[in-house]
Amino acid sequence: MMLLREQDGDRRLLPIYIGTPEASAIHYALEGVEPPRPLTHDLFLITLGELGATVDQVVVTEMRDRTFHAEVYLSSPSGDKVISARPSDAVALAVRCNAPLFATDELMAAEAQEAPAEPEVDAAEIIDDFKDFLDNVSPEDFEA
């Protein structure tokens, strides 16, 4: 599952089920793994570059018949283009070329889920607990 999160606002989550190869392609790009030979998404970006085109942005646009759809916005010497794509492929491209990734407001309103509450960490309480530990610890506590 690919989980997209809003950067602002409610920080809602958009879960999108994807295949293992697509997940691996995204993961490799996020981790900066450079394969010895270009993978499919790398090859596509190399080809775009050779043609003078760039990926401007990726937008996850809608869910139709229980399937998510996305668009890849390109700029090229022959003009701007919009290409329909699977969200997993579009995200794999965006991650590789640092293109911004968006989802439409309509899609988020219809399909996004509220993010679980993040636990509040009280730094003062953690420090107090650690001080208590240091005050009460003895070398015998670490003997096997």
# chains A, B, ... in the order shown; residues from 1 in each chain; ligands from 1
call {"tool": "residues_around", "arguments": {"residues": "Ser24 in chain A", "least_positions_apart": "6", "cutoff": "12 Å", "atoms": "only C-alpha atoms", "output": "PyMOL selection string"}}
result
chain A and resi 1-2+18+30-33+39-41+88-89+91-92
call {"tool": "write_last_selection", "arguments": {"atoms": "all heavy atoms", "output": "mmCIF file, in the first residue's frame"}}
result
data_model
loop_
_atom_site.group_PDB
_atom_site.id
_atom_site.type_symbol
_atom_site.label_atom_id
_atom_site.label_comp_id
_atom_site.auth_asym_id
_atom_site.auth_seq_id
_atom_site.Cartn_x
_atom_site.Cartn_y
_atom_site.Cartn_z
ATOM 1 N N MET A 1 0.845 -1.174 0.000
ATOM 2 C CA MET A 1 0.000 0.000 0.000
ATOM 3 C C MET A 1 0.889 1.236 0.000
ATOM 4 O O MET A 1 1.837 1.335 0.758
ATOM 5 C CB MET A 1 -0.910 0.017 1.232
ATOM 6 C CG MET A 1 -1.752 1.276 1.293
ATOM 7 S SD MET A 1 -2.722 1.461 2.774
ATOM 8 C CE MET A 1 -3.764 0.051 2.662
ATOM 9 N N MET A 2 0.554 2.157 -0.866
ATOM 10 C CA MET A 2 1.213 3.456 -0.901
ATOM 11 C C MET A 2 0.318 4.396 -0.102
ATOM 12 O O MET A 2 -0.883 4.476 -0.338
ATOM 13 C CB MET A 2 1.354 3.918 -2.354
ATOM 14 C CG MET A 2 1.922 5.296 -2.507
ATOM 15 S SD MET A 2 2.289 5.717 -4.230
ATOM 16 C CE MET A 2 0.666 5.655 -5.001
ATOM 17 N N ILE A 18 -1.021 -0.795 -4.313
ATOM 18 C CA ILE A 18 -0.151 -0.926 -5.480
ATOM 19 C C ILE A 18 0.533 -2.291 -5.436
ATOM 20 O O ILE A 18 0.542 -2.949 -4.403
ATOM 21 C CB ILE A 18 0.898 0.210 -5.553
ATOM 22 C CG1 ILE A 18 1.844 0.174 -4.355
ATOM 23 C CG2 ILE A 18 0.204 1.561 -5.651
ATOM 24 C CD1 ILE A 18 2.977 1.184 -4.433
ATOM 25 N N LEU A 30 13.279 6.393 -3.331
ATOM 26 C CA LEU A 30 13.317 7.105 -2.051
ATOM 27 C C LEU A 30 14.621 6.857 -1.303
ATOM 28 O O LEU A 30 15.143 7.743 -0.633
ATOM 29 C CB LEU A 30 12.132 6.693 -1.172
ATOM 30 C CG LEU A 30 10.768 7.197 -1.605
ATOM 31 C CD1 LEU A 30 9.664 6.543 -0.771
ATOM 32 C CD2 LEU A 30 10.695 8.712 -1.505
ATOM 33 N N GLU A 31 15.152 5.652 -1.434
ATOM 34 C CA GLU A 31 16.389 5.296 -0.745
ATOM 35 C C GLU A 31 17.640 5.685 -1.536
ATOM 36 O O GLU A 31 18.744 5.521 -1.046
ATOM 37 C CB GLU A 31 16.412 3.788 -0.456
ATOM 38 C CG GLU A 31 15.354 3.344 0.535
ATOM 39 C CD GLU A 31 15.548 3.960 1.909
ATOM 40 O OE1 GLU A 31 16.699 4.034 2.381
ATOM 41 O OE2 GLU A 31 14.541 4.378 2.514
ATOM 42 N N GLY A 32 17.456 6.167 -2.763
ATOM 43 C CA GLY A 32 18.604 6.567 -3.573
ATOM 44 C C GLY A 32 19.379 5.405 -4.160
ATOM 45 O O GLY A 32 20.544 5.554 -4.531
ATOM 46 N N VAL A 33 18.743 4.242 -4.264
ATOM 47 C CA VAL A 33 19.403 3.071 -4.842
ATOM 48 C C VAL A 33 19.573 3.289 -6.342
ATOM 49 O O VAL A 33 18.608 3.618 -7.034
ATOM 50 C CB VAL A 33 18.575 1.784 -4.576
ATOM 51 C CG1 VAL A 33 19.174 0.593 -5.303
ATOM 52 C CG2 VAL A 33 18.463 1.530 -3.088
ATOM 53 N N LEU A 39 16.139 1.083 -14.560
ATOM 54 C CA LEU A 39 14.846 0.424 -14.444
ATOM 55 C C LEU A 39 13.862 1.171 -15.346
ATOM 56 O O LEU A 39 14.181 2.212 -15.911
ATOM 57 C CB LEU A 39 14.379 0.436 -12.991
ATOM 58 C CG LEU A 39 15.285 -0.294 -12.006
ATOM 59 C CD1 LEU A 39 14.759 -0.127 -10.586
ATOM 60 C CD2 LEU A 39 15.403 -1.761 -12.364
ATOM 61 N N THR A 40 12.670 0.646 -15.477
ATOM 62 C CA THR A 40 11.687 1.203 -16.413
ATOM 63 C C THR A 40 11.451 2.690 -16.200
ATOM 64 O O THR A 40 11.455 3.473 -17.155
ATOM 65 C CB THR A 40 10.361 0.432 -16.302
ATOM 66 O OG1 THR A 40 10.620 -0.957 -16.496
ATOM 67 C CG2 THR A 40 9.360 0.914 -17.335
ATOM 68 N N HIS A 41 11.244 3.102 -14.946
ATOM 69 C CA HIS A 41 10.969 4.522 -14.673
ATOM 70 C C HIS A 41 12.194 5.381 -14.965
ATOM 71 O O HIS A 41 12.065 6.498 -15.460
ATOM 72 C CB HIS A 41 10.508 4.698 -13.227
ATOM 73 C CG HIS A 41 9.261 3.933 -12.930
ATOM 74 N ND1 HIS A 41 9.280 2.688 -12.341
ATOM 75 C CD2 HIS A 41 7.964 4.222 -13.173
ATOM 76 C CE1 HIS A 41 8.043 2.251 -12.231
ATOM 77 N NE2 HIS A 41 7.223 3.156 -12.732
ATOM 78 N N SER A 88 0.920 4.696 -9.022
ATOM 79 C CA SER A 88 2.207 4.130 -8.608
ATOM 80 C C SER A 88 3.316 4.503 -9.582
ATOM 81 O O SER A 88 4.424 4.859 -9.171
ATOM 82 C CB SER A 88 2.108 2.617 -8.469
ATOM 83 O OG SER A 88 1.653 2.028 -9.669
ATOM 84 N N ASP A 89 3.039 4.457 -10.875
ATOM 85 C CA ASP A 89 4.045 4.845 -11.870
ATOM 86 C C ASP A 89 4.316 6.340 -11.810
ATOM 87 O O ASP A 89 5.464 6.783 -11.910
ATOM 88 C CB ASP A 89 3.598 4.454 -13.283
ATOM 89 C CG ASP A 89 3.602 2.954 -13.492
ATOM 90 O OD1 ASP A 89 4.461 2.263 -12.895
ATOM 91 O OD2 ASP A 89 2.742 2.459 -14.240
ATOM 92 N N VAL A 91 3.987 8.337 -9.238
ATOM 93 C CA VAL A 91 4.759 8.636 -8.028
ATOM 94 C C VAL A 91 6.208 8.184 -8.195
ATOM 95 O O VAL A 91 7.140 8.894 -7.791
ATOM 96 C CB VAL A 91 4.107 7.994 -6.789
ATOM 97 C CG1 VAL A 91 5.025 8.068 -5.571
ATOM 98 C CG2 VAL A 91 2.777 8.672 -6.491
ATOM 99 N N ALA A 92 6.423 7.032 -8.796
ATOM 100 C CA ALA A 92 7.792 6.563 -9.034
ATOM 101 C C ALA A 92 8.572 7.566 -9.888
ATOM 102 O O ALA A 92 9.759 7.809 -9.646
ATOM 103 C CB ALA A 92 7.786 5.183 -9.694
#
call {"tool": "closest_atom_pairs", "arguments": {"of": "range 8-68 of chain A", "to": "range 94-106 of chain A", "cutoff": "9 Å", "atoms": "only C-alpha atoms", "output": "tab-separated table"}}
result
residue	atom	partner	partner_atom	distance
A:Leu14	CA	A:Ala103	CA	8.8
A:Ile26	CA	A:Val95	CA	7.1
A:Ala29	CA	A:Arg96	CA	5.7
A:Leu30	CA	A:Val95	CA	6.6
A:Gly32	CA	A:Arg96	CA	8.7
A:His41	CA	A:Arg96	CA	8.1
A:Asp42	CA	A:Arg96	CA	7.6
A:Leu45	CA	A:Cys97	CA	8.0
A:Thr54	CA	A:Cys97	CA	8.6
A:Val55	CA	A:Ala99	CA	6.4
A:Asp56	CA	A:Ala99	CA	5.9
A:Gln57	CA	A:Pro100	CA	5.0
A:Val58	CA	A:Leu101	CA	4.9
A:Val59	CA	A:Phe102	CA	4.6
A:Val60	CA	A:Ala103	CA	4.5
A:Thr61	CA	A:Thr104	CA	5.4
A:Glu62	CA	A:Thr104	CA	7.5
call {"tool": "write_last_selection", "arguments": {"atoms": "N, CA, C and O atoms", "output": "PDB file, in the first residue's frame"}}
result
ATOM      1  N   LEU A  14      -4.139   9.292   2.113  1.00  0.00           N
ATOM      2  CA  LEU A  14      -4.773   8.712   0.942  1.00  0.00           C
ATOM      3  C   LEU A  14      -4.110   7.358   0.677  1.00  0.00           C
ATOM      4  O   LEU A  14      -3.005   7.298   0.146  1.00  0.00           O
ATOM      5  N   ILE A  26       9.359   2.596  -6.184  1.00  0.00           N
ATOM      6  CA  ILE A  26       9.254   3.817  -5.376  1.00  0.00           C
ATOM      7  C   ILE A  26      10.261   3.771  -4.231  1.00  0.00           C
ATOM      8  O   ILE A  26      10.970   4.734  -3.967  1.00  0.00           O
ATOM      9  N   ALA A  29      13.832   4.467  -5.316  1.00  0.00           N
ATOM     10  CA  ALA A  29      14.042   5.890  -5.586  1.00  0.00           C
ATOM     11  C   ALA A  29      14.139   6.689  -4.293  1.00  0.00           C
ATOM     12  O   ALA A  29      14.995   7.570  -4.160  1.00  0.00           O
ATOM     13  N   LEU A  30      13.279   6.393  -3.331  1.00  0.00           N
ATOM     14  CA  LEU A  30      13.317   7.105  -2.051  1.00  0.00           C
ATOM     15  C   LEU A  30      14.621   6.857  -1.303  1.00  0.00           C
ATOM     16  O   LEU A  30      15.143   7.743  -0.633  1.00  0.00           O
ATOM     17  N   GLY A  32      17.456   6.167  -2.763  1.00  0.00           N
ATOM     18  CA  GLY A  32      18.604   6.567  -3.573  1.00  0.00           C
ATOM     19  C   GLY A  32      19.379   5.405  -4.160  1.00  0.00           C
ATOM     20  O   GLY A  32      20.544   5.554  -4.531  1.00  0.00           O
ATOM     21  N   HIS A  41      11.244   3.102 -14.946  1.00  0.00           N
ATOM     22  CA  HIS A  41      10.969   4.522 -14.673  1.00  0.00           C
ATOM     23  C   HIS A  41      12.194   5.381 -14.965  1.00  0.00           C
ATOM     24  O   HIS A  41      12.065   6.498 -15.460  1.00  0.00           O
ATOM     25  N   ASP A  42      13.377   4.845 -14.677  1.00  0.00           N
ATOM     26  CA  ASP A  42      14.603   5.571 -14.996  1.00  0.00           C
ATOM     27  C   ASP A  42      14.739   5.737 -16.505  1.00  0.00           C
ATOM     28  O   ASP A  42      15.092   6.808 -16.998  1.00  0.00           O
ATOM     29  N   LEU A  45      12.475   8.454 -17.803  1.00  0.00           N
ATOM     30  CA  LEU A  45      12.993   9.799 -17.520  1.00  0.00           C
ATOM     31  C   LEU A  45      14.202  10.139 -18.393  1.00  0.00           C
ATOM     32  O   LEU A  45      14.357  11.279 -18.840  1.00  0.00           O
ATOM     33  N   THR A  54      10.517  17.555 -19.470  1.00  0.00           N
ATOM     34  CA  THR A  54      10.665  17.404 -18.022  1.00  0.00           C
ATOM     35  C   THR A  54       9.302  17.124 -17.390  1.00  0.00           C
ATOM     36  O   THR A  54       8.271  17.538 -17.922  1.00  0.00           O
ATOM     37  N   VAL A  55       9.329  16.449 -16.261  1.00  0.00           N
ATOM     38  CA  VAL A  55       8.117  16.218 -15.478  1.00  0.00           C
ATOM     39  C   VAL A  55       7.940  17.419 -14.561  1.00  0.00           C
ATOM     40  O   VAL A  55       8.798  17.701 -13.728  1.00  0.00           O
ATOM     41  N   ASP A  56       6.841  18.144 -14.730  1.00  0.00           N
ATOM     42  CA  ASP A  56       6.580  19.326 -13.911  1.00  0.00           C
ATOM     43  C   ASP A  56       5.883  18.979 -12.609  1.00  0.00           C
ATOM     44  O   ASP A  56       6.172  19.562 -11.570  1.00  0.00           O
ATOM     45  N   GLN A  57       4.940  18.067 -12.677  1.00  0.00           N
ATOM     46  CA  GLN A  57       4.205  17.650 -11.486  1.00  0.00           C
ATOM     47  C   GLN A  57       3.424  16.389 -11.778  1.00  0.00           C
ATOM     48  O   GLN A  57       3.218  16.021 -12.932  1.00  0.00           O
ATOM     49  N   VAL A  58       2.982  15.767 -10.696  1.00  0.00           N
ATOM     50  CA  VAL A  58       2.129  14.588 -10.769  1.00  0.00           C
ATOM     51  C   VAL A  58       0.900  14.892  -9.930  1.00  0.00           C
ATOM     52  O   VAL A  58       1.009  15.444  -8.834  1.00  0.00           O
ATOM     53  N   VAL A  59      -0.273  14.528 -10.456  1.00  0.00           N
ATOM     54  CA  VAL A  59      -1.522  14.757  -9.732  1.00  0.00           C
ATOM     55  C   VAL A  59      -2.331  13.460  -9.734  1.00  0.00           C
ATOM     56  O   VAL A  59      -2.627  12.909 -10.799  1.00  0.00           O
ATOM     57  N   VAL A  60      -2.655  12.979  -8.532  1.00  0.00           N
ATOM     58  CA  VAL A  60      -3.586  11.862  -8.411  1.00  0.00           C
ATOM     59  C   VAL A  60      -4.961  12.505  -8.514  1.00  0.00           C
ATOM     60  O   VAL A  60      -5.311  13.379  -7.720  1.00  0.00           O
ATOM     61  N   THR A  61      -5.718  12.122  -9.519  1.00  0.00           N
ATOM     62  CA  THR A  61      -6.898  12.898  -9.906  1.00  0.00           C
ATOM     63  C   THR A  61      -8.234  12.354  -9.427  1.00  0.00           C
ATOM     64  O   THR A  61      -9.122  13.118  -9.076  1.00  0.00           O
ATOM     65  N   GLU A  62      -8.395  11.037  -9.471  1.00  0.00           N
ATOM     66  CA  GLU A  62      -9.725  10.509  -9.173  1.00  0.00           C
ATOM     67  C   GLU A  62      -9.666   9.021  -8.887  1.00  0.00           C
ATOM     68  O   GLU A  62      -8.646   8.365  -9.143  1.00  0.00           O
TER      69      GLU A  62
END
call {"tool": "select_by_dssp", "arguments": {"residues": "chain A", "states": "strand (DSSP E or B)", "output": "number ranges by chain"}}
result
A: 2-5, 13-16, 54-64, 67-75, 81-85, 101-103, 113
call {"tool": "write_last_selection", "arguments": {"atoms": "N, CA, C and O atoms", "output": "tab-separated table (two decimals), in the first residue's frame"}}
result
chain	number	residue	atom	x	y	z
A	2	MET	N	0.55	2.16	-0.87
A	2	MET	CA	1.21	3.46	-0.90
A	2	MET	C	0.32	4.40	-0.10
A	2	MET	O	-0.88	4.48	-0.34
A	3	LEU	N	0.90	5.11	0.83
A	3	LEU	CA	0.15	6.00	1.70
A	3	LEU	C	0.64	7.42	1.48
A	3	LEU	O	1.76	7.76	1.84
A	4	LEU	N	-0.23	8.22	0.86
A	4	LEU	CA	0.12	9.63	0.62
A	4	LEU	C	-0.49	10.46	1.73
A	4	LEU	O	-1.62	10.23	2.15
A	5	ARG	N	0.27	11.45	2.21
A	5	ARG	CA	-0.18	12.29	3.32
A	5	ARG	C	-0.16	13.75	2.91
A	5	ARG	O	0.80	14.22	2.31
A	13	LEU	N	-4.74	11.16	5.06
A	13	LEU	CA	-4.02	10.09	4.38
A	13	LEU	C	-4.83	9.58	3.21
A	13	LEU	O	-6.05	9.42	3.30
A	14	LEU	N	-4.14	9.29	2.11
A	14	LEU	CA	-4.77	8.71	0.94
A	14	LEU	C	-4.11	7.36	0.68
A	14	LEU	O	-3.00	7.30	0.15
A	15	PRO	N	-4.77	6.26	1.09
A	15	PRO	CA	-4.18	4.94	0.86
A	15	PRO	C	-4.50	4.43	-0.55
A	15	PRO	O	-5.64	4.48	-0.99
A	16	ILE	N	-3.46	3.98	-1.24
A	16	ILE	CA	-3.62	3.46	-2.59
A	16	ILE	C	-2.91	2.11	-2.66
A	16	ILE	O	-1.70	2.02	-2.40
A	54	THR	N	10.52	17.55	-19.47
A	54	THR	CA	10.67	17.40	-18.02
A	54	THR	C	9.30	17.12	-17.39
A	54	THR	O	8.27	17.54	-17.92
A	55	VAL	N	9.33	16.45	-16.26
A	55	VAL	CA	8.12	16.22	-15.48
A	55	VAL	C	7.94	17.42	-14.56
A	55	VAL	O	8.80	17.70	-13.73
A	56	ASP	N	6.84	18.14	-14.73
A	56	ASP	CA	6.58	19.33	-13.91
A	56	ASP	C	5.88	18.98	-12.61
A	56	ASP	O	6.17	19.56	-11.57
A	57	GLN	N	4.94	18.07	-12.68
A	57	GLN	CA	4.21	17.65	-11.49
A	57	GLN	C	3.42	16.39	-11.78
A	57	GLN	O	3.22	16.02	-12.93
A	58	VAL	N	2.98	15.77	-10.70
A	58	VAL	CA	2.13	14.59	-10.77
A	58	VAL	C	0.90	14.89	-9.93
A	58	VAL	O	1.01	15.44	-8.83
A	59	VAL	N	-0.27	14.53	-10.46
A	59	VAL	CA	-1.52	14.76	-9.73
A	59	VAL	C	-2.33	13.46	-9.73
A	59	VAL	O	-2.63	12.91	-10.80
A	60	VAL	N	-2.65	12.98	-8.53
A	60	VAL	CA	-3.59	11.86	-8.41
A	60	VAL	C	-4.96	12.50	-8.51
A	60	VAL	O	-5.31	13.38	-7.72
A	61	THR	N	-5.72	12.12	-9.52
A	61	THR	CA	-6.90	12.90	-9.91
A	61	THR	C	-8.23	12.35	-9.43
A	61	THR	O	-9.12	13.12	-9.08
A	62	GLU	N	-8.40	11.04	-9.47
A	62	GLU	CA	-9.72	10.51	-9.17
A	62	GLU	C	-9.67	9.02	-8.89
A	62	GLU	O	-8.65	8.36	-9.14
A	63	MET	N	-10.79	8.52	-8.36
A	63	MET	CA	-11.01	7.09	-8.27
A	63	MET	C	-12.24	6.78	-9.10
A	63	MET	O	-13.29	7.40	-8.92
A	64	ARG	N	-12.04	5.90	-10.08
A	64	ARG	CA	-13.14	5.52	-10.95
A	64	ARG	C	-13.18	3.99	-11.00
A	64	ARG	O	-12.16	3.35	-11.24
A	67	THR	N	-10.61	2.22	-8.98
A	67	THR	CA	-9.24	2.34	-9.45
A	67	THR	C	-8.83	3.80	-9.44
A	67	THR	O	-9.52	4.65	-9.98
A	68	PHE	N	-7.67	4.08	-8.82
A	68	PHE	CA	-7.14	5.44	-8.80
A	68	PHE	C	-6.52	5.78	-10.15
A	68	PHE	O	-5.97	4.91	-10.83
A	69	HIS	N	-6.59	7.06	-10.51
A	69	HIS	CA	-5.99	7.56	-11.74
A	69	HIS	C	-5.11	8.75	-11.41
A	69	HIS	O	-5.38	9.48	-10.45
A	70	ALA	N	-4.08	8.93	-12.21
A	70	ALA	CA	-3.16	10.06	-12.01
A	70	ALA	C	-2.81	10.65	-13.36
A	70	ALA	O	-3.06	10.05	-14.41
A	71	GLU	N	-2.24	11.84	-13.31
A	71	GLU	CA	-1.76	12.52	-14.52
A	71	GLU	C	-0.34	13.01	-14.28
A	71	GLU	O	-0.02	13.51	-13.19
A	72	VAL	N	0.48	12.87	-15.31
A	72	VAL	CA	1.85	13.37	-15.28
A	72	VAL	C	1.89	14.58	-16.21
A	72	VAL	O	1.54	14.47	-17.39
A	73	TYR	N	2.28	15.73	-15.65
A	73	TYR	CA	2.35	16.97	-16.43
A	73	TYR	C	3.77	17.15	-16.92
A	73	TYR	O	4.71	17.19	-16.12
A	74	LEU	N	3.89	17.26	-18.24
A	74	LEU	CA	5.21	17.39	-18.88
A	74	LEU	C	5.35	18.74	-19.57
A	74	LEU	O	4.37	19.27	-20.11
A	75	SER	N	6.58	19.24	-19.58
A	75	SER	CA	6.93	20.39	-20.42
A	75	SER	C	7.94	19.89	-21.44
A	75	SER	O	8.85	19.13	-21.10
A	81	LYS	N	2.28	18.81	-22.10
A	81	LYS	CA	1.49	17.59	-22.30
A	81	LYS	C	1.02	17.07	-20.95
A	81	LYS	O	1.68	17.27	-19.93
A	82	VAL	N	-0.10	16.38	-20.95
A	82	VAL	CA	-0.59	15.68	-19.76
A	82	VAL	C	-0.80	14.23	-20.15
A	82	VAL	O	-1.51	13.93	-21.12
A	83	ILE	N	-0.18	13.33	-19.40
A	83	ILE	CA	-0.26	11.91	-19.70
A	83	ILE	C	-0.97	11.20	-18.55
A	83	ILE	O	-0.60	11.36	-17.38
A	84	SER	N	-1.96	10.40	-18.88
A	84	SER	CA	-2.65	9.59	-17.88
A	84	SER	C	-1.73	8.46	-17.44
A	84	SER	O	-1.01	7.88	-18.26
A	85	ALA	N	-1.75	8.17	-16.13
A	85	ALA	CA	-0.86	7.13	-15.60
A	85	ALA	C	-1.47	6.48	-14.38
A	85	ALA	O	-2.38	7.02	-13.75
A	101	LEU	N	4.11	16.39	-5.99
A	101	LEU	CA	3.05	15.39	-6.06
A	101	LEU	C	1.81	15.96	-5.38
A	101	LEU	O	1.89	16.44	-4.24
A	102	PHE	N	0.68	15.91	-6.07
A	102	PHE	CA	-0.56	16.45	-5.56
A	102	PHE	C	-1.68	15.43	-5.70
A	102	PHE	O	-1.57	14.48	-6.47
A	103	ALA	N	-2.77	15.68	-4.99
A	103	ALA	CA	-4.03	14.97	-5.20
A	103	ALA	C	-5.11	16.05	-5.26
A	103	ALA	O	-4.99	17.09	-4.58
A	113	GLN	N	-8.51	9.62	4.37
A	113	GLN	CA	-8.86	9.21	5.72
A	113	GLN	C	-8.17	10.14	6.71
A	113	GLN	O	-7.07	10.63	6.46
call {"tool": "select_by_dssp", "arguments": {"residues": "range 15-83 of chain A", "states": "helix (DSSP H, G or I)", "output": "list in words"}}
result
Thr20, Pro21, Glu22, Ala23, Ser24, Ala25, Ile26, His27, Tyr28, Ala29, Leu30, Glu31, Thr40, His41, Asp42, Leu43, Phe44, Leu45, Ile46, Thr47, Leu48, Gly49 and Glu50 of chain A
call {"tool": "atom_distance", "arguments": {"atom1": "CA of Arg66 in chain A", "atom2": "CA of Leu107 in chain A"}}
result
12.3 Å
call {"tool": "atom_distance", "arguments": {"atom1": "CA of Ala112 in chain A", "atom2": "CA of Tyr28 in chain A"}}
result
25.6 Å
